[in-house]
Structure formats: structure tokens, C-alpha cells
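K.L.:
The structure file input.csv (CSV, C-alpha atoms) is provided below.
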```csv
chain,number,residue,atom,x,y,z
A,1,MET,CA,304.0,-9.4,136.4
A,2,PHE,CA,305.5,-9.6,133.0
A,3,ILE,CA,304.8,-7.4,129.9
A,4,LYS,CA,305.9,-9.2,126.7
A,5,ASN,CA,306.0,-7.7,123.2
A,6,VAL,CA,303.1,-5.4,123.9
A,7,SER,CA,302.0,-2.9,121.3
A,8,LYS,CA,299.2,-0.4,120.7
A,9,HIS,CA,298.0,1.6,117.6
A,10,TYR,CA,295.8,4.7,117.4
A,11,ASP,CA,294.6,5.9,114.0
A,12,GLY,CA,297.2,3.8,112.3
A,13,LYS,CA,300.1,5.1,114.4
A,14,LYS,CA,302.0,2.8,116.7
A,15,VAL,CA,302.1,4.5,120.1
A,16,VAL,CA,303.5,1.5,122.0
A,17,ASP,CA,306.0,-0.5,120.0
A,18,ASP,CA,306.7,-4.1,121.0
A,19,ILE,CA,307.8,-3.5,124.6
A,20,THR,CA,308.9,-6.1,127.1
A,21,PHE,CA,309.8,-5.7,130.8
A,22,LYS,CA,309.2,-7.2,134.2
A,23,ILE,CA,307.5,-5.8,137.3
A,24,HIS,CA,309.4,-7.0,140.3
A,25,LYS,CA,307.2,-8.0,143.3
A,26,GLY,CA,307.4,-5.9,146.4
A,27,CYS,CA,309.1,-3.0,144.6
A,28,VAL,CA,308.3,0.4,143.2
A,29,THR,CA,308.6,0.7,139.5
A,30,SER,CA,308.2,4.1,137.9
A,31,LEU,CA,307.4,4.7,134.2
A,32,ILE,CA,309.0,7.9,133.0
A,33,GLY,CA,309.5,9.7,129.7
A,34,PRO,CA,308.3,12.8,127.8
A,35,ASN,CA,304.7,13.4,126.7
A,36,GLY,CA,303.6,11.0,124.1
A,37,ALA,CA,306.2,8.4,125.0
A,38,GLY,CA,303.7,5.7,125.6
A,39,LYS,CA,303.9,5.3,129.4
A,40,SER,CA,300.3,6.2,130.2
A,41,THR,CA,299.1,3.9,127.4
A,42,VAL,CA,301.2,1.1,128.9
A,43,MET,CA,299.7,1.8,132.3
A,44,GLY,CA,296.2,1.6,130.8
A,45,MET,CA,297.0,-1.8,129.2
A,46,ILE,CA,298.4,-3.1,132.5
A,47,SER,CA,295.2,-2.1,134.3
A,48,ARG,CA,293.1,-3.6,131.4
A,49,LEU,CA,291.4,-0.2,130.9
A,50,ILE,CA,292.9,-0.2,127.4
A,51,ASP,CA,293.1,-3.3,125.1
A,52,SER,CA,296.5,-4.1,123.6
A,53,ASP,CA,296.9,-4.7,119.9
A,54,GLY,CA,299.6,-7.3,120.4
A,55,GLY,CA,301.7,-9.1,123.0
A,56,ASP,CA,300.8,-10.4,126.4
A,57,ILE,CA,300.6,-9.1,130.0
A,58,SER,CA,300.6,-11.8,132.6
A,59,ILE,CA,300.2,-11.9,136.4
A,60,GLU,CA,301.3,-15.1,138.2
A,61,ASP,CA,302.0,-16.8,134.8
A,62,ARG,CA,298.4,-16.1,133.7
A,63,LYS,CA,297.5,-13.8,130.9
A,64,LEU,CA,295.6,-10.7,131.9
A,65,THR,CA,292.9,-11.4,129.4
A,66,GLU,CA,292.2,-14.7,131.2
A,67,TRP,CA,291.4,-13.1,134.5
A,68,LYS,CA,287.8,-12.5,135.4
A,69,SER,CA,287.1,-8.9,136.4
A,70,THR,CA,286.0,-9.8,139.9
A,71,LYS,CA,289.2,-11.8,140.5
A,72,LEU,CA,291.5,-9.2,139.0
A,73,ALA,CA,290.0,-6.5,141.2
A,74,LYS,CA,291.2,-8.5,144.2
A,75,LYS,CA,294.7,-8.7,142.7
A,76,LEU,CA,295.2,-5.2,141.1
A,77,ALA,CA,294.0,-1.7,142.0
A,78,ILE,CA,294.4,1.5,140.0
A,79,LEU,CA,294.2,5.1,141.0
A,80,THR,CA,293.9,7.3,138.0
A,81,GLN,CA,294.6,11.1,137.5
A,82,THR,CA,290.9,11.9,137.4
A,83,ASN,CA,289.4,11.0,140.8
A,84,ASN,CA,286.5,13.4,140.9
A,85,VAL,CA,283.6,11.9,142.8
A,86,GLN,CA,280.3,13.6,141.9
A,87,MET,CA,278.4,12.1,144.8
A,88,LYS,CA,278.3,13.6,148.3
A,89,LEU,CA,280.5,11.1,150.1
A,90,THR,CA,282.3,11.0,153.4
A,91,VAL,CA,285.8,9.7,153.7
A,92,GLY,CA,284.4,6.5,155.3
A,93,GLU,CA,282.0,5.9,152.5
A,94,LEU,CA,284.7,6.5,149.8
A,95,VAL,CA,287.1,4.1,151.5
A,96,ALA,CA,284.3,1.5,151.7
A,97,PHE,CA,284.2,1.4,147.9
A,98,GLY,CA,287.5,-0.4,148.1
A,99,ARG,CA,285.8,-3.4,149.6
A,100,PHE,CA,283.3,-3.8,146.7
A,101,PRO,CA,285.3,-6.5,144.9
A,102,HIS,CA,285.2,-8.6,148.0
A,103,SER,CA,281.7,-8.2,149.4
A,104,GLY,CA,279.7,-6.0,147.1
A,105,SER,CA,277.5,-3.5,148.9
A,106,ARG,CA,277.1,-5.7,151.9
A,107,LEU,CA,280.0,-5.0,154.2
A,108,THR,CA,281.1,-7.8,156.5
A,109,LYS,CA,282.9,-7.4,159.8
A,110,GLU,CA,286.2,-8.1,158.0
A,111,ASP,CA,285.4,-5.4,155.4
A,112,LYS,CA,284.7,-2.8,158.2
A,113,GLU,CA,288.0,-3.8,159.9
A,114,LYS,CA,289.9,-3.3,156.6
A,115,ILE,CA,288.2,0.1,156.1
A,116,ASN,CA,289.1,1.3,159.5
A,117,GLU,CA,292.7,0.0,159.2
A,118,ALA,CA,293.1,1.9,155.9
A,119,ILE,CA,291.7,5.1,157.3
A,120,LYS,CA,294.0,4.8,160.4
A,121,TYR,CA,297.0,4.0,158.2
A,122,MET,CA,296.5,7.2,156.2
A,123,GLU,CA,295.9,9.1,159.4
A,124,LEU,CA,292.4,10.2,158.4
A,125,GLU,CA,290.5,9.1,161.6
A,126,GLN,CA,289.4,12.7,162.4
A,127,TYR,CA,288.1,13.1,158.8
A,128,LYS,CA,286.2,9.8,158.6
A,129,ASP,CA,282.8,11.6,158.6
A,130,SER,CA,283.9,14.6,156.6
A,131,PHE,CA,282.8,15.0,153.1
A,132,ILE,CA,285.4,14.5,150.4
A,133,ASP,CA,284.7,17.9,148.7
A,134,GLU,CA,285.4,19.6,152.1
A,135,LEU,CA,289.0,18.3,152.3
A,136,SER,CA,292.2,19.8,151.1
A,137,GLY,CA,293.9,18.4,148.0
A,138,GLY,CA,296.4,16.5,150.0
A,139,GLN,CA,293.8,15.1,152.4
A,140,ARG,CA,291.6,14.1,149.4
A,141,GLN,CA,294.5,12.3,147.8
A,142,ARG,CA,295.2,10.4,151.0
A,143,ALA,CA,291.5,9.3,151.1
A,144,TYR,CA,291.8,7.8,147.7
A,145,ILE,CA,294.9,6.0,148.7
A,146,ALA,CA,293.0,4.7,151.7
A,147,MET,CA,290.4,3.3,149.4
A,148,VAL,CA,293.1,1.5,147.4
A,149,ILE,CA,294.6,0.1,150.6
A,150,ALA,CA,291.1,-1.1,151.7
A,151,GLN,CA,290.9,-3.0,148.4
A,152,ASP,CA,293.8,-5.0,149.7
A,153,THR,CA,295.4,-5.9,146.4
A,154,GLU,CA,299.0,-7.0,145.8
A,155,TYR,CA,299.5,-4.6,142.8
A,156,ILE,CA,298.7,-0.9,143.0
A,157,LEU,CA,298.8,1.2,139.9
A,158,LEU,CA,299.2,5.0,140.3
A,159,ASP,CA,298.8,7.3,137.4
A,160,GLU,CA,300.7,10.5,138.2
A,161,PRO,CA,300.0,10.4,142.0
A,162,THR,CA,301.6,13.9,142.6
A,163,ASN,CA,299.5,15.6,139.9
A,164,ASN,CA,298.0,18.9,141.0
A,165,LEU,CA,299.7,18.7,144.4
A,166,ASP,CA,302.1,21.3,145.8
A,167,ILE,CA,305.7,20.3,146.6
A,168,TYR,CA,304.8,19.6,150.3
A,169,HIS,CA,301.9,17.3,149.6
A,170,ALA,CA,303.6,15.7,146.6
A,171,THR,CA,306.6,14.8,148.8
A,172,ASN,CA,304.3,13.3,151.4
A,173,MET,CA,302.5,11.4,148.7
A,174,MET,CA,305.7,9.8,147.6
A,175,LYS,CA,306.6,8.9,151.1
A,176,ILE,CA,303.3,7.1,151.3
A,177,VAL,CA,304.0,5.2,148.1
A,178,ARG,CA,307.3,4.1,149.6
A,179,ARG,CA,305.6,3.0,152.8
A,180,LEU,CA,303.0,1.0,150.9
A,181,CYS,CA,305.8,-1.0,149.4
A,182,ASP,CA,308.1,-1.3,152.5
A,183,GLU,CA,305.5,-1.7,155.2
A,184,LEU,CA,302.6,-3.4,153.5
A,185,GLY,CA,304.5,-5.4,150.9
A,186,LYS,CA,302.6,-3.9,147.9
A,187,THR,CA,304.0,-3.9,144.4
A,188,ILE,CA,303.7,-0.3,143.1
A,189,ILE,CA,303.7,0.7,139.4
A,190,MET,CA,303.4,4.4,138.8
A,191,VAL,CA,303.6,6.9,135.9
A,192,ILE,CA,305.4,10.0,137.1
A,193,HIS,CA,306.9,13.0,135.4
A,194,GLU,CA,309.1,14.4,138.1
A,195,ILE,CA,312.5,12.7,137.8
A,196,ASN,CA,313.7,13.5,141.2
A,197,TYR,CA,310.8,11.7,142.8
A,198,ALA,CA,311.3,8.7,140.5
A,199,ALA,CA,315.0,8.6,141.4
A,200,PHE,CA,314.5,8.9,145.1
A,201,TYR,CA,311.5,6.7,145.7
A,202,SER,CA,311.7,3.9,143.1
A,203,ASP,CA,313.5,0.6,142.9
A,204,TYR,CA,313.2,0.2,139.2
A,205,ILE,CA,312.6,2.6,136.4
A,206,CYS,CA,311.3,2.0,132.9
A,207,ALA,CA,312.0,5.0,130.7
A,208,PHE,CA,310.0,5.4,127.4
A,209,LYS,CA,310.7,7.4,124.3
A,210,ASN,CA,308.6,7.4,121.1
A,211,GLY,CA,306.6,4.4,122.2
A,212,LYS,CA,309.6,2.2,122.9
A,213,ILE,CA,311.6,1.4,126.0
A,214,ALA,CA,314.7,3.6,126.0
A,215,LYS,CA,316.1,2.1,129.2
A,216,TYR,CA,314.9,-0.3,131.9
A,217,GLY,CA,316.7,-1.1,135.1
A,218,THR,CA,317.5,0.0,138.6
A,219,VAL,CA,317.5,3.6,139.6
A,220,ASN,CA,321.3,3.8,139.3
A,221,GLU,CA,321.2,2.2,135.9
A,222,VAL,CA,318.6,4.6,134.4
A,223,ILE,CA,319.1,7.9,136.2
A,224,THR,CA,322.4,8.9,134.5
A,225,LYS,CA,323.3,11.9,132.5
A,226,GLU,CA,323.7,9.8,129.4
A,227,VAL,CA,320.4,8.1,129.6
A,228,LEU,CA,318.3,11.1,130.5
A,229,SER,CA,320.0,13.3,127.9
A,230,GLY,CA,319.0,10.8,125.3
A,231,ILE,CA,315.4,10.6,126.5
A,232,TYR,CA,314.7,14.2,127.2
A,233,GLN,CA,317.1,15.9,124.7
A,234,VAL,CA,318.5,18.0,127.6
A,235,ASP,CA,322.2,18.6,128.2
A,236,PHE,CA,322.5,17.6,131.9
A,237,GLU,CA,326.2,18.4,132.0
A,238,ILE,CA,325.5,22.0,131.2
A,239,MET,CA,322.7,22.0,133.9
A,240,GLU,CA,325.2,20.6,136.4
A,241,LYS,CA,327.8,23.2,135.6
A,242,SER,CA,325.2,26.0,135.9
A,243,GLY,CA,324.2,24.7,139.4
A,244,LYS,CA,320.6,24.1,138.2
A,245,PRO,CA,318.8,21.2,140.0
A,246,LEU,CA,318.1,18.0,138.1
A,247,THR,CA,314.4,18.5,137.7
A,248,ILE,CA,312.3,18.0,134.6
A,249,TYR,CA,308.5,18.3,134.3
A,250,TYR,CA,306.7,16.8,131.3
```
Please express what this file holds, its structure, as C-alpha cells.
P.N.:
Amino acid sequence: MFIKNVSKHYDGKKVVDDITFKIHKGCVTSLIGPNGAGKSTVMGMISRLIDSDGGDISIEDRKLTEWKSTKLAKKLAILTQTNNVQMKLTVGELVAFGRFPHSGSRLTKEDKEKINEAIKYMELEQYKDSFIDELSGGQRQRAYIAMVIAQDTEYILLDEPTNNLDIYHATNMMKIVRRLCDELGKTIIMVIHEINYAAFYSDYICAFKNGKIAKYGTVNEVITKEVLSGIYQVDFEIMEKSGKPLTIYY
């Protein structure tokens, strides 16, 4: 996937300013930066939930705008921050939605196998017939991930996957993200605020500031005192000397 010279305006203000970077296959790429930096808008344009005002986003050398929705849904899946399902659904029924791009509402034998594999992978077998609203926050998040796994796409977009999770469930969620990449070969793109998680679980990081890319590269290239100080306006050297952990929430 390649993002080239992409921009976006809201009310005459440029919120994403001519950005270009590459998403490497089979890797985890994290989008970081302070509030209003443009990272969520970029995620929205990559997922085609938001139209860009300039530039191109391409998958397999084909512009995103040229993909039919049915074809794109087999290539790319997105899990947003707001995953509130109003219907009374069981875990099994929720995960089955992941197969909709493939078979619609008529599940085939292959669909059912994919659903069961996803539920098993996320260790949710005992909750298959439980209703979503009866699960804990961590279990519910795993169920949504299972739905994405069942969709069986190459690209998975996660918008703040640790949002509203305590540190235990957030850490488990990040381990799952890493497994999706390492064990299932998925290409993960995620917006994340917690720098420690981005540093530990990512392969590449794209750091945004004021709608532009402040730094893009490997974890070691981006997660430095100099780069982070420039992005977040925080003196990390003082934090280090004080013994405070390198943790920033935005």
C-alpha cells in the first residue's frame, strides 16, 4: 500500500498536508502523534471512510478509488473506536458478519469454517453463544477482532485498539495485534496514542504533527528523544533523569 501526496481540508483548514509514505506488507505500522495531528483522518482516508482532497492511495498498484466496495472489503478490514452493536447478538453471530463480503447472508461451509477458526483463534469458544453485551470489555474487543479475522483480509486497520481498556486487557490486545502479523501474515495499520505500545509492538511508525509527517521509519528511527521531543513538546531528557517512565497519552 502506498499513500502519495494525500491531503484533506475541513472548513478551509488543511488538516492533512501532502503526506507520502509506504505501508510494508506483513508488518505492523503505527500512526502516532498528538490530538489534531491528522493521524485519524489519514486512517479514515486509507479505509475510504473519508474522501481525500488530493493525492492517491493505492493497493497493489491500483488506486483506492478504483476498487469496487465488494472487492475492497475482501482486501481491507477496519475496526473503529465505536463498535457499539445495538442488536442483541451472540459472539457467533457477530463474527459471522465478517463473512458478509464473501457470501452475503447465506453462509457456506467455508464461511462457517472461517468463523469457527476465528473464534478458536481468539479463544472465545466458550462464549460463542453468549450475547455481546454480557461480555467484559476485553472479551468484547476480542470478539470484534475475531470478526475481522473471519473477514480474512490482507490489510487490517485498527483505530485505537486499546481505547477504554485497562492496562491488562490493553497489553493482551497488543499481543493479539502482533500475532495477527507474525502468525497470520496480516498487514496491520493502527492509530495508537500510547507510545510504549507503539514502540514495543510495531515494525514501522509514522509520526504526525500539524497534519504533516514529522518522522517515518522503523521503531528505532522514530522512537528517539529528539524525535519525540519535537512532536510532543516534552523534554524526555528531564523525564529520564527524574526516573519517570516514557509514557505519553494523547
K.L.:
Quick one, how far is atom CA of Gln233 of chain A from atom CA of Ala170 of chain A?
P.N.:
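A separation of 25.7 Å between them.
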K.L.:
Mind running segment 56-79 of chain A against segment 150-160 of chain A at 8 Å and telling me each contacting residue's nearest atom pair with the distance in Å (one decimal), counting all atoms listed in the file, chain and number ascending, as a Markdown table?
P.N.:
```
| residue | atom | partner | partner_atom | distance |
| --- | --- | --- | --- | --- |
| A:Ala73 | CA | A:Thr153 | CA | 7.5 |
| A:Lys74 | CA | A:Thr153 | CA | 5.4 |
| A:Lys75 | CA | A:Thr153 | CA | 4.7 |
| A:Leu76 | CA | A:Tyr155 | CA | 4.7 |
| A:Ala77 | CA | A:Ile156 | CA | 4.9 |
| A:Ile78 | CA | A:Leu157 | CA | 4.4 |
| A:Leu79 | CA | A:Leu158 | CA | 5.0 |
```
K.L.:
Considering only C-alpha atoms, can you say which of A:Tyr121, A:Tyr216, A:Tyr201, A:Trp67 comes closest to Leu184 of chain A?
P.N.:
A:Tyr121
K.L.:
Find the residue from A:Ser40, A:Gln126, A:Ser103, A:Thr65 that sits nearest to Thr90 of chain A; use all atoms listed in the file when measuring.
P.N.:
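Checking each of A:Ser40, A:Gln126, A:Ser103, A:Thr65 against Thr90 of chain A, counting all atoms listed in the file, the winner is A:Gln126.
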K.L.:
Within 12 Å of segment 5-20 of chain A, which residues of segment 201-230 of chain A show up? Give each one with its shortest atom-to-atom distance in Å (one decimal) and the two atoms involved, counting all atoms listed in the file, rows by chain then rising residue number, as JSON lines.
P.N.:
```
{"residue": "A:Cys206", "atom": "CA", "partner": "A:Thr20", "partner_atom": "CA", "distance": 10.2}
{"residue": "A:Ala207", "atom": "CA", "partner": "A:Ile19", "partner_atom": "CA", "distance": 11.3}
{"residue": "A:Phe208", "atom": "CA", "partner": "A:Val16", "partner_atom": "CA", "distance": 9.3}
{"residue": "A:Lys209", "atom": "CA", "partner": "A:Val16", "partner_atom": "CA", "distance": 9.6}
{"residue": "A:Asn210", "atom": "CA", "partner": "A:Val15", "partner_atom": "CA", "distance": 7.2}
{"residue": "A:Gly211", "atom": "CA", "partner": "A:Val16", "partner_atom": "CA", "distance": 4.2}
{"residue": "A:Lys212", "atom": "CA", "partner": "A:Asp17", "partner_atom": "CA", "distance": 5.4}
{"residue": "A:Ile213", "atom": "CA", "partner": "A:Ile19", "partner_atom": "CA", "distance": 6.4}
{"residue": "A:Ala214", "atom": "CA", "partner": "A:Ile19", "partner_atom": "CA", "distance": 10.0}
{"residue": "A:Lys215", "atom": "CA", "partner": "A:Ile19", "partner_atom": "CA", "distance": 11.0}
{"residue": "A:Tyr216", "atom": "CA", "partner": "A:Thr20", "partner_atom": "CA", "distance": 9.6}
```
K.L.:
Using all atoms listed in the file, which of A:Gly217, A:Leu89, A:Gln81, A:Ile57 sits nearest Asn164 of chain A?
P.N.:
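Ranked by minimum distance to Asn164 of chain A, first place goes to A:Gln81.
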K.L.:
Using all atoms listed in the file, which residue out of A:Asn196, A:Ser30, A:Gln141, A:Ser69 lies closest to Pro101 of chain A?
P.N.:
A:Ser69
K.L.:
Mind giving me the straight-line distance from atom CA of Phe131 of chain A to atom CA of Ile115 of chain A in Å, one decimal?
P.N.:
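Separating atom CA of Phe131 of chain A from atom CA of Ile115 of chain A is a distance of 16.1 Å.
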K.L.:
Taking into account only C-alpha atoms, which residue in the set A:Leu124, A:Leu180, A:Ala199, A:Met1 is nearest to Asp56 of chain A?
P.N.:
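The closest residue to Asp56 of chain A is A:Met1.
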K.L.:
Which of these residues is nearest to Thr29 of chain A, using all atoms listed in the file: A:Thr80, A:Asn163, A:Thr108, A:Thr187?
P.N.:
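Of A:Thr80, A:Asn163, A:Thr108, A:Thr187, the one nearest Thr29 of chain A is A:Thr187, counting all atoms listed in the file.
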K.L.:
Between atom CA of Ile223 of chain A and atom CA of Val148 of chain A, what is the distance, to one decimal in Å?
P.N.:
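Straight-line distance from atom CA of Ile223 of chain A to atom CA of Val148 of chain A works out to 29.0 Å.
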K.L.:
Considering only C-alpha atoms, give me a table of residues in segment 27-134 of chain A that are at most 9 Å from segment 171-179 of chain A, with the closest atom pair and distance in Å for each, as JSON lines.
P.N.:
```
{"residue": "A:Cys27", "atom": "CA", "partner": "A:Arg178", "partner_atom": "CA", "distance": 8.9}
{"residue": "A:Val28", "atom": "CA", "partner": "A:Arg178", "partner_atom": "CA", "distance": 7.5}
{"residue": "A:Met122", "atom": "CA", "partner": "A:Ile176", "partner_atom": "CA", "distance": 8.4}
```
K.L.:
At most 12 Å from (303.0, -15.0, 137.7), file frame, only C-alpha atoms: which residues, as a VMD selection string?
P.N.:
chain A and resid 1 to 3 22 to 25 57 to 64 75
K.L.:
Considering all atoms listed in the file, return as a ChimeraX atom specification whatever protein or nucleic-acid residues lie within 7 Å of Lys39 of chain A, sequence-local ones (same chain, fewer than 5 positions apart) excluded.
P.N.:
/A:31-32,191,208
